[in-house]
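This report concerns only the one structure given below.
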Amino acid sequence: MIWATERLLEGMVGLASLVRLAPFAIAGIFSGLEAENVAVGVVAAHADAPDIALGTVFGGGIFVACVALGLGAVLFPLRVDLPRRVLLVLAASPLVAGLALIGDRTSRVAGAALLVAFGLALGYLVNASRRHRFLAAGEALEAAEKSRQWWVPALLTLVGIGVIALGAELVTFGAERMISIYSVPAALVGMIVTPAAIELEEVIRQAIPAKEGRPDISAGNLVGTVLYFVLFNLGLIAVAAPVRVSSLTRELDWPFLVAATWLAAAFLWRGGVSRLQGGVLLLLYAAYVAAHLWFR
């Protein structure tokens with residue numbers, strides 16, 4: 001998966017130079033899209049498994065904001081200058097997601113609103129990145145010269161995404177086997193175990209670009225992934241197969257998602273995430289897991 005992430009990194013940098021978009025935006029669009037997360041959420045919704053369906057949104061979002069960003073920063077501190085309004089969009093996204101939690105079930109109207117909000121948010125991310133300089137001029141020129149043929153970065157991007165998705169499937173299969181062998185309570189699977197298993201590769205997606213001197217891609221992956229999870233995935237679930245909303249989701253998972261996203265946005269607002277701040281995010285996730293164990 002490390003090899004695949006490195007290929008994905010090369011592909012996104014090259015693709016960004018070809019389409020004249022910032023690598024931050026390319027990472028948000030392509031790396032942020034989690035096909036396996038979408039699939040699990042929709043299938044679980046149709047199977048009337050609300051904890052698993054909503055876990056891909058809330059549990060997944062919390063995992064990405066706390067563990068992927070936090071552990072990635074502990075390994076390789078993240079220093080990046082992001083457009084302030086993009087960070088405001090990031091912080092607002094979990095609040096907008098709360099629309100789907102009104103009532104006993106997610107509504108199709110709220111789902112449609114979330115999908116519209118996702119389109120607007122992603123469009124704004126792309127537009128804002130056009131006017132923002134993430135890298136020095138020399139670094140941008142060097143990145144642009146690495147791939148001149150259009151099919152090379154496109155192929156690298158597709159190969160990277162494909163191998164990472166395959167790796168995620170293997171991780172998920174292994175986690176499910178562990179659950180069955182060790183009899184982990186089913187109630188914990190939805191919000192904690194399944195999201196962690198599906199999104200484990202996000203740690204690598206955060207760490208490798210930062211290690212390779214591309215913190216803008218790490219940040220783009222984070223912002224894009226959160227937007228996909230809390231707006232697109234939740235909107236799609238609500239439209240395709242409305243699910244029951246438990247009081248625990250409304251009173252525990254959603255507030256933790258808001259807190260995790262706001263804390264991550266606050267750190268990025270100040271110019272990045274240090275090792276200490278990464279540790280704080282990991283502690284927040286530990287508190288989230290502990291709360292689930294306590295209330296379950």
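Identifiers in this document derive from the order of the structure tokens: chains are assigned A, B, ..., residues are numbered from 1 separately in each chain, and ligands are numbered from 1 in order of occurrence.
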* List every residue of range 87-131 of chain A that DSSP, applied to the backbone, labels as helix (DSSP H, G or I), and write the result as a PyMOL selection string. => chain A and resi 87-101+108-130
Residue selection dump (N, CA and C atoms) as an mmCIF file, in the first residue's frame:
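So out.cif came out as:
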```cif
data_model
loop_
_atom_site.group_PDB
_atom_site.id
_atom_site.type_symbol
_atom_site.label_atom_id
_atom_site.label_comp_id
_atom_site.auth_asym_id
_atom_site.auth_seq_id
_atom_site.Cartn_x
_atom_site.Cartn_y
_atom_site.Cartn_z
ATOM 1 N N LEU A 87 -10.939 26.035 4.768
ATOM 2 C CA LEU A 87 -11.007 25.486 6.124
ATOM 3 C C LEU A 87 -12.361 25.774 6.767
ATOM 4 N N LEU A 88 -12.950 26.911 6.438
ATOM 5 C CA LEU A 88 -14.294 27.202 6.943
ATOM 6 C C LEU A 88 -15.318 26.236 6.345
ATOM 7 N N VAL A 89 -15.149 25.914 5.066
ATOM 8 C CA VAL A 89 -16.027 24.920 4.430
ATOM 9 C C VAL A 89 -15.858 23.566 5.114
ATOM 10 N N LEU A 90 -14.612 23.202 5.395
ATOM 11 C CA LEU A 90 -14.342 21.945 6.098
ATOM 12 C C LEU A 90 -15.039 21.922 7.454
ATOM 13 N N ALA A 91 -14.917 23.010 8.199
ATOM 14 C CA ALA A 91 -15.520 23.069 9.533
ATOM 15 C C ALA A 91 -17.046 23.056 9.474
ATOM 16 N N ALA A 92 -17.606 23.618 8.407
ATOM 17 C CA ALA A 92 -19.066 23.689 8.301
ATOM 18 C C ALA A 92 -19.687 22.364 7.873
ATOM 19 N N SER A 93 -18.912 21.513 7.213
ATOM 20 C CA SER A 93 -19.484 20.299 6.626
ATOM 21 C C SER A 93 -20.168 19.379 7.645
ATOM 22 N N PRO A 94 -19.591 19.116 8.828
ATOM 23 C CA PRO A 94 -20.316 18.242 9.764
ATOM 24 C C PRO A 94 -21.571 18.889 10.334
ATOM 25 N N LEU A 95 -21.597 20.216 10.378
ATOM 26 C CA LEU A 95 -22.819 20.888 10.835
ATOM 27 C C LEU A 95 -23.938 20.689 9.815
ATOM 28 N N VAL A 96 -23.595 20.818 8.535
ATOM 29 C CA VAL A 96 -24.586 20.600 7.478
ATOM 30 C C VAL A 96 -25.079 19.155 7.509
ATOM 31 N N ALA A 97 -24.162 18.231 7.827
ATOM 32 C CA ALA A 97 -24.547 16.818 7.897
ATOM 33 C C ALA A 97 -25.618 16.572 8.945
ATOM 34 N N GLY A 98 -25.693 17.448 9.930
ATOM 35 C CA GLY A 98 -26.709 17.301 10.964
ATOM 36 C C GLY A 98 -28.129 17.364 10.432
ATOM 37 N N LEU A 99 -28.305 17.920 9.230
ATOM 38 C CA LEU A 99 -29.642 17.968 8.626
ATOM 39 C C LEU A 99 -30.229 16.566 8.466
ATOM 40 N N ALA A 100 -29.350 15.608 8.180
ATOM 41 C CA ALA A 100 -29.826 14.237 7.955
ATOM 42 C C ALA A 100 -30.225 13.539 9.248
ATOM 43 N N LEU A 101 -29.871 14.128 10.378
ATOM 44 C CA LEU A 101 -30.153 13.490 11.663
ATOM 45 C C LEU A 101 -31.442 13.990 12.298
ATOM 46 N N ARG A 108 -34.900 11.725 2.497
ATOM 47 C CA ARG A 108 -34.397 11.908 1.136
ATOM 48 C C ARG A 108 -34.214 13.386 0.804
ATOM 49 N N VAL A 109 -35.044 14.233 1.364
ATOM 50 C CA VAL A 109 -34.901 15.674 1.123
ATOM 51 C C VAL A 109 -33.575 16.168 1.689
ATOM 52 N N ALA A 110 -33.279 15.756 2.924
ATOM 53 C CA ALA A 110 -32.002 16.140 3.531
ATOM 54 C C ALA A 110 -30.841 15.556 2.741
ATOM 55 N N GLY A 111 -31.008 14.316 2.266
ATOM 56 C CA GLY A 111 -29.954 13.696 1.474
ATOM 57 C C GLY A 111 -29.670 14.470 0.201
ATOM 58 N N ALA A 112 -30.735 14.901 -0.475
ATOM 59 C CA ALA A 112 -30.559 15.690 -1.694
ATOM 60 C C ALA A 112 -29.854 17.008 -1.385
ATOM 61 N N ALA A 113 -30.212 17.619 -0.258
ATOM 62 C CA ALA A 113 -29.566 18.872 0.139
ATOM 63 C C ALA A 113 -28.075 18.660 0.398
ATOM 64 N N LEU A 114 -27.732 17.536 1.006
ATOM 65 C CA LEU A 114 -26.324 17.241 1.273
ATOM 66 C C LEU A 114 -25.547 17.026 -0.025
ATOM 67 N N LEU A 115 -26.162 16.373 -0.991
ATOM 68 C CA LEU A 115 -25.486 16.158 -2.275
ATOM 69 C C LEU A 115 -25.244 17.486 -2.995
ATOM 70 N N VAL A 116 -26.214 18.383 -2.920
ATOM 71 C CA VAL A 116 -26.028 19.717 -3.507
ATOM 72 C C VAL A 116 -24.907 20.453 -2.774
ATOM 73 N N ALA A 117 -24.917 20.360 -1.445
ATOM 74 C CA ALA A 117 -23.872 21.011 -0.649
ATOM 75 C C ALA A 117 -22.498 20.447 -0.993
ATOM 76 N N PHE A 118 -22.436 19.144 -1.229
ATOM 77 C CA PHE A 118 -21.161 18.528 -1.606
ATOM 78 C C PHE A 118 -20.653 19.093 -2.931
ATOM 79 N N GLY A 119 -21.543 19.174 -3.913
ATOM 80 C CA GLY A 119 -21.140 19.716 -5.205
ATOM 81 C C GLY A 119 -20.632 21.143 -5.088
ATOM 82 N N LEU A 120 -21.327 21.947 -4.299
ATOM 83 C CA LEU A 120 -20.903 23.334 -4.107
ATOM 84 C C LEU A 120 -19.567 23.403 -3.372
ATOM 85 N N ALA A 121 -19.405 22.567 -2.345
ATOM 86 C CA ALA A 121 -18.171 22.578 -1.563
ATOM 87 C C ALA A 121 -16.979 22.153 -2.407
ATOM 88 N N LEU A 122 -17.152 21.097 -3.191
ATOM 89 C CA LEU A 122 -16.045 20.618 -4.022
ATOM 90 C C LEU A 122 -15.714 21.636 -5.114
ATOM 91 N N GLY A 123 -16.744 22.239 -5.675
ATOM 92 C CA GLY A 123 -16.509 23.274 -6.675
ATOM 93 C C GLY A 123 -15.758 24.453 -6.091
ATOM 94 N N TYR A 124 -16.127 24.837 -4.872
ATOM 95 C CA TYR A 124 -15.430 25.950 -4.229
ATOM 96 C C TYR A 124 -13.981 25.583 -3.921
ATOM 97 N N LEU A 125 -13.762 24.339 -3.490
ATOM 98 C CA LEU A 125 -12.395 23.883 -3.208
ATOM 99 C C LEU A 125 -11.514 24.025 -4.448
ATOM 100 N N VAL A 126 -12.035 23.595 -5.587
ATOM 101 C CA VAL A 126 -11.274 23.691 -6.839
ATOM 102 C C VAL A 126 -11.027 25.148 -7.201
ATOM 103 N N ASN A 127 -12.059 25.968 -7.098
ATOM 104 C CA ASN A 127 -11.932 27.376 -7.470
ATOM 105 C C ASN A 127 -10.957 28.113 -6.561
ATOM 106 N N ALA A 128 -11.050 27.848 -5.259
ATOM 107 C CA ALA A 128 -10.165 28.523 -4.309
ATOM 108 C C ALA A 128 -8.713 28.109 -4.511
ATOM 109 N N SER A 129 -8.500 26.857 -4.893
ATOM 110 C CA SER A 129 -7.127 26.378 -5.068
ATOM 111 C C SER A 129 -6.451 27.013 -6.281
ATOM 112 N N ARG A 130 -7.246 27.492 -7.235
ATOM 113 C CA ARG A 130 -6.666 28.149 -8.414
ATOM 114 C C ARG A 130 -5.990 29.458 -8.040
#
```
* Exercise: Ala45 in chain A partners within 7 Å, only C-alpha atoms, chain neighbours under 2 positions left out, as a list in words -> Gly41, Val42, Val43, Ala47, Asp48, Ala49, Pro50, Ala53, Ile237, Ala241, Pro242 and Val243 of chain A
* **Contacts of Arg275 in chain A within 8 Å, only C-alpha atoms, excl. fewer than 2 positions in-chain, as an MDAnalysis selection string** => chainID A and resid 70 73:77 273 277:279
* Which one of A:Leu281, A:Leu222, A:Val239, A:Leu293 sits closest to Val193 in chain A if you count only C-alpha atoms? ->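 Comparing A:Leu281, A:Leu222, A:Val239, A:Leu293 against Val193 in chain A, the winner is A:Leu293.
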* List the neighbours of Arg270 in chain A out to 10 Å using only C-alpha atoms; skip same-chain residues closer than 6 positions along the sequence, and give me the result as a list of chain:residue names. =>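 Those residues are A:Arg79, A:Val80, A:Asp81, A:Leu82, A:Arg84.
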* **Nearest candidate to His292 in chain A (options A:Gly224, A:Gly59, A:Gly271, A:Pro83; using only C-alpha atoms)** => A:Gly59
* To do: Would you mind reading off the distance between CA of Phe63 in chain A and CA of Ala259 in chain A, one decimal, in Å?
  =>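 So the two atoms, CA of Phe63 in chain A and CA of Ala259 in chain A, lie 12.2 Å apart.
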* Asked: Leaving out Pro195 in chain A and any residue of its chain fewer than 2 positions from it, which residues lie within 12 Å of it when counting only C-alpha atoms, given as a ChimeraX atom specification?
  -> /A:34,36-38,40-41,51-64,67-68,168,171-172,175-176,188-193,197-202,229
